[in-house]
file query20.cif (mmCIF, C-alpha atoms, pLDDT in the B column; chains and numbers go by the auth columns)
data_coords
#
loop_
_atom_site.group_PDB
_atom_site.id
_atom_site.type_symbol
_atom_site.label_atom_id
_atom_site.label_comp_id
_atom_site.label_asym_id
_atom_site.label_seq_id
_atom_site.Cartn_x
_atom_site.Cartn_y
_atom_site.Cartn_z
_atom_site.B_iso_or_equiv
_atom_site.auth_seq_id
_atom_site.auth_asym_id
ATOM 1 C CA MET A 1 6.162 -51.139 -44.806 45.00 896 A
ATOM 2 C CA HIS A 2 9.543 -50.663 -43.137 47.00 897 A
ATOM 3 C CA LEU A 3 9.405 -51.038 -39.343 44.00 898 A
ATOM 4 C CA ALA A 4 10.698 -47.488 -38.843 49.00 899 A
ATOM 5 C CA ALA A 5 7.864 -46.153 -41.014 47.00 900 A
ATOM 6 C CA VAL A 6 5.316 -48.184 -39.047 44.00 901 A
ATOM 7 C CA LEU A 7 6.707 -46.757 -35.824 48.00 902 A
ATOM 8 C CA ARG A 8 6.526 -43.229 -37.230 52.00 903 A
ATOM 9 C CA VAL A 9 2.868 -43.654 -38.221 46.00 904 A
ATOM 10 C CA GLY A 10 2.076 -44.989 -34.760 50.00 905 A
ATOM 11 C CA LEU A 11 3.754 -41.988 -33.171 48.00 906 A
ATOM 12 C CA LEU A 12 1.762 -39.524 -35.241 47.00 907 A
ATOM 13 C CA ILE A 13 -1.558 -41.239 -34.512 44.00 908 A
ATOM 14 C CA ILE A 14 -1.201 -40.866 -30.762 44.00 909 A
ATOM 15 C CA ALA A 15 0.590 -37.518 -30.721 44.00 910 A
ATOM 16 C CA ALA A 16 -2.493 -35.591 -29.631 41.00 911 A
ATOM 17 C CA SER A 17 -3.728 -37.991 -26.975 45.00 912 A
ATOM 18 C CA ALA A 18 -2.039 -41.022 -25.481 54.00 913 A
ATOM 19 C CA SER A 19 -2.993 -43.395 -22.709 69.00 914 A
ATOM 20 C CA ALA A 20 -0.502 -45.177 -20.505 75.00 915 A
ATOM 21 C CA GLN A 21 -1.057 -48.281 -22.630 80.00 916 A
ATOM 22 C CA ASP A 22 -0.286 -46.323 -25.807 80.00 917 A
ATOM 23 C CA LEU A 23 2.936 -44.992 -24.323 81.00 918 A
ATOM 24 C CA ALA A 24 4.007 -48.439 -23.174 85.00 919 A
ATOM 25 C CA GLN A 25 3.351 -49.759 -26.671 84.00 920 A
ATOM 26 C CA LEU A 26 5.570 -47.035 -28.135 81.00 921 A
ATOM 27 C CA VAL A 27 8.413 -48.065 -25.878 81.00 922 A
ATOM 28 C CA GLU A 28 8.043 -51.705 -26.919 83.00 923 A
ATOM 29 C CA GLN A 29 7.935 -50.747 -30.604 81.00 924 A
ATOM 30 C CA ALA A 30 11.161 -48.812 -30.165 77.00 925 A
ATOM 31 C CA LYS A 31 12.851 -51.791 -28.518 78.00 926 A
ATOM 32 C CA THR A 32 11.720 -53.993 -31.396 80.00 927 A
ATOM 33 C CA ARG A 33 13.225 -51.514 -33.821 77.00 928 A
ATOM 34 C CA TRP A 34 16.528 -51.551 -31.928 73.00 929 A
ATOM 35 C CA ALA A 35 16.566 -55.356 -31.967 74.00 930 A
ATOM 36 C CA GLN A 36 16.272 -55.367 -35.769 77.00 931 A
ATOM 37 C CA SER A 37 18.913 -52.690 -36.265 75.00 932 A
ATOM 38 C CA PRO A 38 22.630 -53.478 -36.634 76.00 933 A
ATOM 39 C CA HIS A 39 23.147 -50.535 -34.279 72.00 934 A
ATOM 40 C CA GLY A 40 20.709 -51.879 -31.686 71.00 935 A
ATOM 41 C CA PRO A 41 23.276 -52.869 -29.040 73.00 936 A
ATOM 42 C CA MET A 42 24.748 -49.360 -29.135 73.00 937 A
ATOM 43 C CA LEU A 43 21.337 -47.663 -28.919 72.00 938 A
ATOM 44 C CA GLU A 44 20.329 -49.858 -26.010 74.00 939 A
ATOM 45 C CA ARG A 45 23.412 -48.810 -24.044 77.00 940 A
ATOM 46 C CA ILE A 46 22.956 -45.031 -24.352 81.00 941 A
ATOM 47 C CA LEU A 47 20.782 -44.709 -21.239 86.00 942 A
ATOM 48 C CA PRO A 48 20.055 -47.152 -18.407 89.00 943 A
ATOM 49 C CA PRO A 49 16.654 -48.878 -18.405 86.00 944 A
ATOM 50 C CA THR A 50 15.822 -48.069 -14.772 87.00 945 A
ATOM 51 C CA PHE A 51 13.555 -45.051 -15.415 91.00 946 A
ATOM 52 C CA GLY A 52 10.088 -46.157 -16.496 89.00 947 A
ATOM 53 C CA LEU A 53 6.812 -44.634 -17.619 89.00 948 A
ATOM 54 C CA PRO A 54 5.280 -44.667 -14.098 90.00 949 A
ATOM 55 C CA GLN A 55 8.083 -42.349 -12.938 91.00 950 A
ATOM 56 C CA LEU A 56 7.618 -39.805 -15.728 93.00 951 A
ATOM 57 C CA PRO A 57 6.534 -36.431 -14.223 95.00 952 A
ATOM 58 C CA ALA A 58 3.072 -35.176 -15.254 95.00 953 A
ATOM 59 C CA PRO A 59 2.554 -38.278 -17.438 91.00 954 A
ATOM 60 C CA LYS A 60 -0.624 -36.925 -19.072 89.00 955 A
ATOM 61 C CA SER A 61 1.005 -33.663 -20.150 94.00 956 A
ATOM 62 C CA ARG A 62 1.904 -32.868 -23.748 95.00 957 A
ATOM 63 C CA GLY A 63 5.562 -32.658 -22.773 96.00 958 A
ATOM 64 C CA ALA A 64 5.579 -36.171 -21.341 94.00 959 A
ATOM 65 C CA ARG A 65 3.905 -37.558 -24.458 91.00 960 A
ATOM 66 C CA LEU A 66 6.502 -35.862 -26.642 94.00 961 A
ATOM 67 C CA VAL A 67 9.352 -37.340 -24.594 94.00 962 A
ATOM 68 C CA VAL A 68 7.993 -40.811 -25.291 91.00 963 A
ATOM 69 C CA GLN A 69 7.080 -39.989 -28.878 89.00 964 A
ATOM 70 C CA TYR A 70 10.550 -38.822 -29.840 91.00 965 A
ATOM 71 C CA CYS A 71 13.180 -39.764 -27.271 91.00 966 A
ATOM 72 C CA VAL A 72 12.535 -43.501 -27.078 87.00 967 A
ATOM 73 C CA GLN A 73 13.051 -43.798 -30.819 84.00 968 A
ATOM 74 C CA CYS A 74 16.779 -43.966 -30.099 82.00 969 A
ATOM 75 C CA HIS A 75 17.332 -44.937 -26.454 86.00 970 A
ATOM 76 C CA ASN A 76 15.685 -45.816 -23.168 89.00 971 A
ATOM 77 C CA LEU A 77 13.370 -43.280 -21.558 92.00 972 A
ATOM 78 C CA PRO A 78 15.329 -40.281 -20.231 94.00 973 A
ATOM 79 C CA ASN A 79 14.691 -38.897 -16.770 95.00 974 A
ATOM 80 C CA PRO A 80 14.250 -35.091 -16.982 97.00 975 A
ATOM 81 C CA ALA A 81 16.229 -34.896 -13.734 95.00 976 A
ATOM 82 C CA MET A 82 19.319 -36.405 -15.346 94.00 977 A
ATOM 83 C CA HIS A 83 20.390 -32.828 -16.161 96.00 978 A
ATOM 84 C CA ASP A 84 19.801 -29.411 -14.636 97.00 979 A
ATOM 85 C CA ALA A 85 17.817 -26.725 -16.481 97.00 980 A
ATOM 86 C CA ALA A 86 20.916 -24.856 -17.660 96.00 981 A
ATOM 87 C CA LYS A 87 22.388 -27.956 -19.291 96.00 982 A
ATOM 88 C CA TRP A 88 19.298 -29.224 -21.122 98.00 983 A
ATOM 89 C CA PRO A 89 19.163 -26.748 -24.077 98.00 984 A
ATOM 90 C CA ALA A 90 22.536 -27.704 -25.593 96.00 985 A
ATOM 91 C CA ILE A 91 21.894 -31.426 -25.089 95.00 986 A
ATOM 92 C CA PHE A 92 18.391 -31.171 -26.515 96.00 987 A
ATOM 93 C CA GLU A 93 19.602 -29.250 -29.567 94.00 988 A
ATOM 94 C CA ARG A 94 22.218 -31.937 -30.211 91.00 989 A
ATOM 95 C CA MET A 95 19.558 -34.657 -30.019 90.00 990 A
ATOM 96 C CA VAL A 96 17.262 -32.852 -32.472 91.00 991 A
ATOM 97 C CA VAL A 97 20.129 -32.463 -34.943 88.00 992 A
ATOM 98 C CA ARG A 98 20.770 -36.197 -34.683 83.00 993 A
ATOM 99 C CA MET A 99 17.088 -37.053 -35.161 83.00 994 A
ATOM 100 C CA ARG A 100 17.295 -35.121 -38.410 83.00 995 A
ATOM 101 C CA GLY A 101 20.050 -37.469 -39.556 75.00 996 A
ATOM 102 C CA ARG A 102 22.945 -35.126 -38.967 74.00 997 A
ATOM 103 C CA GLY A 103 25.553 -35.013 -36.234 64.00 998 A
ATOM 104 C CA ASN A 104 29.067 -36.017 -35.293 64.00 999 A
ATOM 105 C CA LEU A 105 28.937 -39.490 -36.874 61.00 1000 A
ATOM 106 C CA GLY A 106 28.409 -38.355 -40.474 58.00 1001 A
ATOM 107 C CA GLU A 107 27.006 -41.053 -42.753 65.00 1002 A
ATOM 108 C CA LEU A 108 26.682 -43.476 -39.847 60.00 1003 A
ATOM 109 C CA MET A 109 24.403 -41.013 -38.057 59.00 1004 A
ATOM 110 C CA HIS A 110 22.315 -40.616 -41.202 58.00 1005 A
ATOM 111 C CA GLU A 111 22.010 -44.394 -41.466 64.00 1006 A
ATOM 112 C CA MET A 112 21.146 -44.836 -37.787 62.00 1007 A
ATOM 113 C CA MET A 113 18.435 -42.172 -37.920 63.00 1008 A
ATOM 114 C CA ALA A 114 16.756 -43.511 -41.061 64.00 1009 A
ATOM 115 C CA GLY A 115 13.016 -43.464 -40.392 70.00 1010 A
ATOM 116 C CA VAL A 116 13.343 -41.550 -37.135 78.00 1011 A
ATOM 117 C CA GLU A 117 10.949 -38.622 -36.744 86.00 1012 A
ATOM 118 C CA ALA A 118 12.216 -35.257 -35.459 89.00 1013 A
ATOM 119 C CA PRO A 119 9.978 -32.836 -33.538 94.00 1014 A
ATOM 120 C CA THR A 120 8.568 -29.748 -35.212 95.00 1015 A
ATOM 121 C CA ALA A 121 9.722 -26.353 -33.945 95.00 1016 A
ATOM 122 C CA ALA A 122 6.565 -26.025 -31.831 97.00 1017 A
ATOM 123 C CA GLU A 123 6.947 -29.530 -30.412 97.00 1018 A
ATOM 124 C CA ALA A 124 10.616 -28.929 -29.666 97.00 1019 A
ATOM 125 C CA GLU A 125 9.699 -25.840 -27.646 98.00 1020 A
ATOM 126 C CA ILE A 126 7.162 -27.806 -25.571 98.00 1021 A
ATOM 127 C CA LEU A 127 9.531 -30.725 -25.124 98.00 1022 A
ATOM 128 C CA LEU A 128 12.449 -28.602 -23.954 98.00 1023 A
ATOM 129 C CA ALA A 129 10.201 -26.653 -21.574 98.00 1024 A
ATOM 130 C CA TYR A 130 9.043 -29.957 -20.062 98.00 1025 A
ATOM 131 C CA LEU A 131 12.593 -31.242 -19.613 98.00 1026 A
ATOM 132 C CA GLN A 132 13.652 -28.001 -17.962 98.00 1027 A
ATOM 133 C CA LYS A 133 10.575 -27.798 -15.731 98.00 1028 A
ATOM 134 C CA TYR A 134 11.282 -31.223 -14.239 98.00 1029 A
ATOM 135 C CA SER A 135 15.070 -31.012 -14.414 98.00 1030 A
ATOM 136 C CA GLN A 136 17.482 -31.552 -11.568 97.00 1031 A
ATOM 137 C CA ARG A 137 17.538 -28.721 -9.027 95.00 1032 A
ATOM 138 C CA PRO A 138 21.172 -28.153 -8.047 96.00 1033 A
ATOM 139 C CA LEU A 139 22.206 -28.161 -4.430 97.00 1034 A
ATOM 140 C CA ASP A 140 23.228 -24.768 -3.043 97.00 1035 A
ATOM 141 C CA PRO A 141 26.413 -25.349 -0.994 96.00 1036 A
ATOM 142 C CA ASN A 142 25.688 -22.175 0.973 97.00 1037 A
ATOM 143 C CA LYS A 143 22.406 -23.697 2.105 97.00 1038 A
ATOM 144 C CA TYR A 144 23.981 -27.090 2.815 97.00 1039 A
ATOM 145 C CA PRO A 145 27.561 -26.417 3.995 97.00 1040 A
ATOM 146 C CA ALA A 146 27.692 -29.980 5.352 97.00 1041 A
ATOM 147 C CA VAL A 147 28.178 -31.169 1.773 97.00 1042 A
ATOM 148 C CA ASN A 148 31.820 -30.141 2.158 97.00 1043 A
ATOM 149 C CA LEU A 149 32.197 -31.914 5.493 97.00 1044 A
ATOM 150 C CA PRO A 150 32.939 -35.638 5.984 94.00 1045 A
ATOM 151 C CA GLU A 151 29.216 -36.444 6.265 95.00 1046 A
ATOM 152 C CA GLY A 152 28.646 -35.197 2.718 96.00 1047 A
ATOM 153 C CA GLN A 153 31.658 -36.736 0.991 93.00 1048 A
ATOM 154 C CA SER A 154 30.105 -40.038 -0.121 93.00 1049 A
ATOM 155 C CA PHE A 155 27.077 -38.175 -1.481 95.00 1050 A
ATOM 156 C CA LYS A 156 29.241 -35.669 -3.334 94.00 1051 A
ATOM 157 C CA LEU A 157 31.672 -38.213 -4.779 91.00 1052 A
ATOM 158 C CA ALA A 158 28.908 -40.496 -6.037 91.00 1053 A
ATOM 159 C CA CYS A 159 26.343 -38.063 -7.408 92.00 1054 A
ATOM 160 C CA ARG A 160 28.544 -35.584 -9.226 91.00 1055 A
ATOM 161 C CA GLN A 161 29.940 -38.341 -11.449 87.00 1056 A
ATOM 162 C CA CYS A 162 26.789 -38.110 -13.554 89.00 1057 A
ATOM 163 C CA HIS A 163 24.986 -34.830 -12.820 92.00 1058 A
ATOM 164 C CA VAL A 164 24.882 -31.777 -10.583 95.00 1059 A
ATOM 165 C CA LEU A 165 24.472 -32.488 -6.884 97.00 1060 A
ATOM 166 C CA PRO A 166 20.720 -32.712 -6.243 97.00 1061 A
ATOM 167 C CA ASP A 167 18.989 -30.540 -3.677 97.00 1062 A
ATOM 168 C CA PRO A 168 18.071 -32.887 -0.783 98.00 1063 A
ATOM 169 C CA GLN A 169 14.681 -31.195 -0.573 97.00 1064 A
ATOM 170 C CA ARG A 170 13.728 -32.557 -3.977 95.00 1065 A
ATOM 171 C CA HIS A 171 12.332 -35.571 -2.103 96.00 1066 A
ATOM 172 C CA LYS A 172 11.013 -36.439 1.332 97.00 1067 A
ATOM 173 C CA ALA A 173 13.108 -38.582 3.676 97.00 1068 A
ATOM 174 C CA SER A 174 10.921 -41.621 2.977 97.00 1069 A
ATOM 175 C CA GLU A 175 11.496 -41.277 -0.782 97.00 1070 A
ATOM 176 C CA TRP A 176 15.272 -40.895 -0.960 97.00 1071 A
ATOM 177 C CA PRO A 177 16.326 -44.526 -0.319 97.00 1072 A
ATOM 178 C CA ALA A 178 14.409 -45.732 -3.389 95.00 1073 A
ATOM 179 C CA VAL A 179 15.916 -42.944 -5.501 95.00 1074 A
ATOM 180 C CA VAL A 180 19.422 -43.781 -4.285 94.00 1075 A
ATOM 181 C CA ALA A 181 18.830 -47.474 -5.020 93.00 1076 A
ATOM 182 C CA ARG A 182 17.840 -46.590 -8.590 92.00 1077 A
ATOM 183 C CA MET A 183 20.917 -44.391 -8.982 91.00 1078 A
ATOM 184 C CA GLU A 184 23.105 -47.227 -7.695 89.00 1079 A
ATOM 185 C CA LYS A 185 21.643 -49.508 -10.370 88.00 1080 A
ATOM 186 C CA ASN A 186 22.309 -46.826 -12.982 89.00 1081 A
ATOM 187 C CA MET A 187 25.949 -46.565 -11.953 85.00 1082 A
ATOM 188 C CA GLN A 188 26.397 -50.328 -11.954 82.00 1083 A
ATOM 189 C CA TRP A 189 24.798 -50.487 -15.405 82.00 1084 A
ATOM 190 C CA MET A 190 26.979 -47.712 -16.824 78.00 1085 A
ATOM 191 C CA ASN A 191 30.135 -49.291 -15.439 70.00 1086 A
ATOM 192 C CA ARG A 192 29.409 -52.609 -17.149 56.00 1087 A
ATOM 193 C CA VAL A 193 30.603 -53.689 -20.531 51.00 1088 A
ATOM 194 C CA VAL A 194 27.966 -56.016 -21.943 49.00 1089 A
ATOM 195 C CA SER A 195 28.259 -59.508 -20.427 48.00 1090 A
ATOM 196 C CA ASN A 196 31.151 -58.724 -18.078 52.00 1091 A
ATOM 197 C CA GLN A 197 30.929 -59.210 -14.322 61.00 1092 A
ATOM 198 C CA PRO A 198 31.445 -56.924 -11.293 62.00 1093 A
ATOM 199 C CA ASP A 199 35.033 -56.558 -10.139 66.00 1094 A
ATOM 200 C CA SER A 200 35.800 -56.516 -6.411 69.00 1095 A
ATOM 201 C CA ARG A 201 38.517 -53.924 -7.086 67.00 1096 A
ATOM 202 C CA GLU A 202 35.944 -51.340 -8.168 64.00 1097 A
ATOM 203 C CA ILE A 203 35.242 -48.492 -5.759 62.00 1098 A
ATOM 204 C CA GLN A 204 32.219 -49.387 -3.653 66.00 1099 A
ATOM 205 C CA LEU A 205 29.649 -46.712 -2.862 72.00 1100 A
ATOM 206 C CA LYS A 206 28.861 -46.104 0.786 87.00 1101 A
ATOM 207 C CA VAL A 207 25.127 -46.112 0.217 92.00 1102 A
ATOM 208 C CA GLU A 208 24.282 -45.816 3.894 94.00 1103 A
ATOM 209 C CA GLU A 209 26.262 -42.555 4.107 95.00 1104 A
ATOM 210 C CA ILE A 210 24.607 -41.181 0.987 96.00 1105 A
ATOM 211 C CA ASN A 211 21.158 -41.982 2.346 96.00 1106 A
ATOM 212 C CA ALA A 212 22.017 -40.536 5.751 97.00 1107 A
ATOM 213 C CA PHE A 213 22.985 -37.188 4.225 98.00 1108 A
ATOM 214 C CA LEU A 214 19.942 -36.955 1.955 98.00 1109 A
ATOM 215 C CA VAL A 215 17.472 -38.080 4.613 97.00 1110 A
ATOM 216 C CA LYS A 216 18.883 -35.609 7.134 97.00 1111 A
ATOM 217 C CA TYR A 217 18.289 -32.635 4.840 97.00 1112 A
ATOM 218 C CA ALA A 218 15.238 -33.948 2.957 98.00 1113 A
ATOM 219 C CA ARG A 219 11.989 -32.077 2.455 95.00 1114 A
ATOM 220 C CA LYS A 220 9.741 -32.187 5.490 92.00 1115 A
ATOM 221 C CA GLY A 221 6.159 -33.361 5.420 76.00 1116 A
#

call {"tool": "encode", "arguments": {"input": "query20.cif", "output": "structure tokens"}}
result
Amino acid sequence: MHLAAVLRVGLLIIAASASAQDLAQLVEQAKTRWAQSPHGPMLERILPPTFGLPQLPAPKSRGARLVVQYCVQCHNLPNPAMHDAAKWPAIFERMVVRMRGRGNLGELMHEMMAGVEAPTAAEAEILLAYLQKYSQRPLDPNKYPAVNLPEGQSFKLACRQCHVLPDPQRHKASEWPAVVARMEKNMQWMNRVVSNQPDSREIQLKVEEINAFLVKYARKG
């Protein structure tokens, strides 16, 4: 049986109920599939590998299981907070079209998606609702006017390169440094061409200023 078909059968078996071990196995099966695909290097570079199963919100929910069941077929696990709720529907619709073998790459897309399973209409509704529920909550500049002052510049310049500015109250002060460290790794990863090395001429993030802003306005308690 073709590896893609094996993966599809495995996905269907655990669709109703999946343990953490099952989900981890799905991720590994997907990586094996990428490794055997001529398009593997491109698939592997779509999303950074820094967001793992332990960080997935409500990991026992149906929505979380569907994210792993479908999304990791083509790329690393997506963080629902990588987009805000308003942006997810169009992105999600584009991904479903691609999983069905259609999209902006024509025959290449059809070839790349061979054996990939697309969600049913009911599953798609649950999956999108999950992504939106745990999406990024945008910062309200009226609530945080300091974002437009010097103390907020490093935060604003860094974060808006990839997504809306996050509300500092999304996390507690003790949690933000780890989140910022993960985002820094993401940015380093996305700025790298495979096998090349960091360049001293690249703009360096002022991580201490970013942390200072987020910690100052973080959620209390």

call {"tool": "closest_residue", "arguments": {"input": "query20.cif", "among": "A:Glu1070, A:Asp1062, A:Glu1020, A:Glu1079", "to": "A:Glu988", "atoms": "all atoms listed in the file"}}
result
A:Glu1020

call {"tool": "atom_distance", "arguments": {"input": "query20.cif", "atom1": "atom CA of A:Leu972", "atom2": "atom CA of A:Ala925"}}
result
10.5 Å

call {"tool": "residues_near_point", "arguments": {"input": "query20.cif", "point": "(31.9, -37.8, -2.8)", "cutoff": "12 Å", "atoms": "all atoms listed in the file", "output": "PyMOL selection string"}}
result
chain A and resi 1042-1057+1060+1098-1102+1104-1105+1108

call {"tool": "resolve_selection", "arguments": {"input": "query20.cif", "expression": "the PyMOL selection byres ((chain A and resi 1067) around 6)", "output": "PyMOL selection string"}}
result
chain A and resi 1066+1068-1070+1113-1114

call {"tool": "atom_distance", "arguments": {"input": "query20.cif", "atom1": "atom CA of A:Cys969", "atom2": "atom CA of A:Trp929"}}
result
7.8 Å

call {"tool": "residues_near_point", "arguments": {"input": "query20.cif", "point": "(12.6, -43.1, -23.9)", "cutoff": "9 Å", "atoms": "all atoms listed in the file", "output": "JSON, numbers by chain"}}
result
{"A": [922, 925, 942, 944, 946, 947, 948, 962, 963, 964, 965, 966, 967, 968, 969, 970, 971, 972, 973, 974]}

call {"tool": "write_last_selection", "arguments": {"input": "query20.cif", "atoms": "C-alpha atoms", "output": "CSV table (one decimal), in the frame of the given file"}}
result
chain,number,residue,atom,x,y,z
A,922,VAL,CA,8.4,-48.1,-25.9
A,925,ALA,CA,11.2,-48.8,-30.2
A,942,LEU,CA,20.8,-44.7,-21.2
A,944,PRO,CA,16.7,-48.9,-18.4
A,946,PHE,CA,13.6,-45.1,-15.4
A,947,GLY,CA,10.1,-46.2,-16.5
A,948,LEU,CA,6.8,-44.6,-17.6
A,962,VAL,CA,9.4,-37.3,-24.6
A,963,VAL,CA,8.0,-40.8,-25.3
A,964,GLN,CA,7.1,-40.0,-28.9
A,965,TYR,CA,10.6,-38.8,-29.8
A,966,CYS,CA,13.2,-39.8,-27.3
A,967,VAL,CA,12.5,-43.5,-27.1
A,968,GLN,CA,13.1,-43.8,-30.8
A,969,CYS,CA,16.8,-44.0,-30.1
A,970,HIS,CA,17.3,-44.9,-26.5
A,971,ASN,CA,15.7,-45.8,-23.2
A,972,LEU,CA,13.4,-43.3,-21.6
A,973,PRO,CA,15.3,-40.3,-20.2
A,974,ASN,CA,14.7,-38.9,-16.8

call {"tool": "atom_distance", "arguments": {"input": "query20.cif", "atom1": "atom CA of A:Ala1073", "atom2": "atom CA of A:Tyr1025"}}
result
23.6 Å

call {"tool": "resolve_selection", "arguments": {"input": "query20.cif", "expression": "the PyMOL selection byres ((chain A and resi 987) around 12)", "output": "ChimeraX atom specification"}}
result
/A:962,965-966,973,975,978,980-986,988-994,1013-1014,1019-1027

call {"tool": "closest_residue", "arguments": {"input": "query20.cif", "among": "A:Gln1083, A:Arg1065, A:Arg1077, A:Glu1018", "to": "A:Gly958", "atoms": "only C-alpha atoms"}}
result
A:Glu1018

call {"tool": "resolve_selection", "arguments": {"input": "query20.cif", "expression": "the PyMOL selection byres ((chain A and resi 918) around 9)", "output": "MDAnalysis selection string"}}
result
chainID A and resid 909 913:917 919:923 948 960 963:964

call {"tool": "write_last_selection", "arguments": {"input": "query20.cif", "atoms": "C-alpha atoms", "output": "compact mmCIF listing (two decimals), in the frame of the given file"}}
result
# COMPACT_ATOMS: atom_id res chain seq x y z
CA ILE A 909 -1.20 -40.87 -30.76
CA ALA A 913 -2.04 -41.02 -25.48
CA SER A 914 -2.99 -43.40 -22.71
CA ALA A 915 -0.50 -45.18 -20.50
CA GLN A 916 -1.06 -48.28 -22.63
CA ASP A 917 -0.29 -46.32 -25.81
CA ALA A 919 4.01 -48.44 -23.17
CA GLN A 920 3.35 -49.76 -26.67
CA LEU A 921 5.57 -47.04 -28.14
CA VAL A 922 8.41 -48.06 -25.88
CA GLU A 923 8.04 -51.70 -26.92
CA LEU A 948 6.81 -44.63 -17.62
CA ARG A 960 3.90 -37.56 -24.46
CA VAL A 963 7.99 -40.81 -25.29
CA GLN A 964 7.08 -39.99 -28.88

call {"tool": "decode", "arguments": {"input": "query20.cif", "residues": "stretch 956-969 of chain A", "atoms": "N, CA and C atoms", "output": "JSON list (two decimals), in the first residue's frame"}}
result
[["chain", "number", "residue", "atom", "x", "y", "z"],
["A", 956, "SER", "N", -9.68, 18.11, 22.60],
["A", 956, "SER", "CA", -10.89, 18.51, 21.88],
["A", 956, "SER", "C", -10.91, 17.95, 20.46],
["A", 957, "ARG", "N", -12.10, 17.90, 19.88],
["A", 957, "ARG", "CA", -12.23, 17.41, 18.51],
["A", 957, "ARG", "C", -11.47, 18.33, 17.55],
["A", 958, "GLY", "N", -11.53, 19.63, 17.81],
["A", 958, "GLY", "CA", -10.83, 20.57, 16.94],
["A", 958, "GLY", "C", -9.34, 20.33, 16.90],
["A", 959, "ALA", "N", -8.75, 20.08, 18.06],
["A", 959, "ALA", "CA", -7.31, 19.83, 18.13],
["A", 959, "ALA", "C", -6.95, 18.56, 17.37],
["A", 960, "ARG", "N", -7.77, 17.52, 17.53],
["A", 960, "ARG", "CA", -7.51, 16.26, 16.81],
["A", 960, "ARG", "C", -7.58, 16.47, 15.30],
["A", 961, "LEU", "N", -8.53, 17.30, 14.87],
["A", 961, "LEU", "CA", -8.66, 17.55, 13.43],
["A", 961, "LEU", "C", -7.49, 18.35, 12.88],
["A", 962, "VAL", "N", -6.95, 19.26, 13.68],
["A", 962, "VAL", "CA", -5.77, 20.01, 13.25],
["A", 962, "VAL", "C", -4.63, 19.04, 12.95],
["A", 963, "VAL", "N", -4.42, 18.09, 13.86],
["A", 963, "VAL", "CA", -3.34, 17.12, 13.66],
["A", 963, "VAL", "C", -3.69, 16.17, 12.53],
["A", 964, "GLN", "N", -4.95, 15.75, 12.47],
["A", 964, "GLN", "CA", -5.37, 14.80, 11.45],
["A", 964, "GLN", "C", -5.15, 15.34, 10.03],
["A", 965, "TYR", "N", -5.46, 16.60, 9.83],
["A", 965, "TYR", "CA", -5.41, 17.14, 8.47],
["A", 965, "TYR", "C", -4.22, 18.07, 8.20],
["A", 966, "CYS", "N", -3.92, 18.95, 9.12],
["A", 966, "CYS", "CA", -2.93, 19.99, 8.82],
["A", 966, "CYS", "C", -1.51, 19.46, 8.70],
["A", 967, "VAL", "N", -1.15, 18.47, 9.53],
["A", 967, "VAL", "CA", 0.23, 17.99, 9.47],
["A", 967, "VAL", "C", 0.47, 17.06, 8.29],
["A", 968, "GLN", "N", -0.55, 16.82, 7.49],
["A", 968, "GLN", "CA", -0.32, 16.05, 6.26],
["A", 968, "GLN", "C", 0.63, 16.79, 5.33],
["A", 969, "CYS", "N", 0.64, 18.14, 5.44],
["A", 969, "CYS", "CA", 1.37, 18.94, 4.46],
["A", 969, "CYS", "C", 2.46, 19.83, 5.05]]
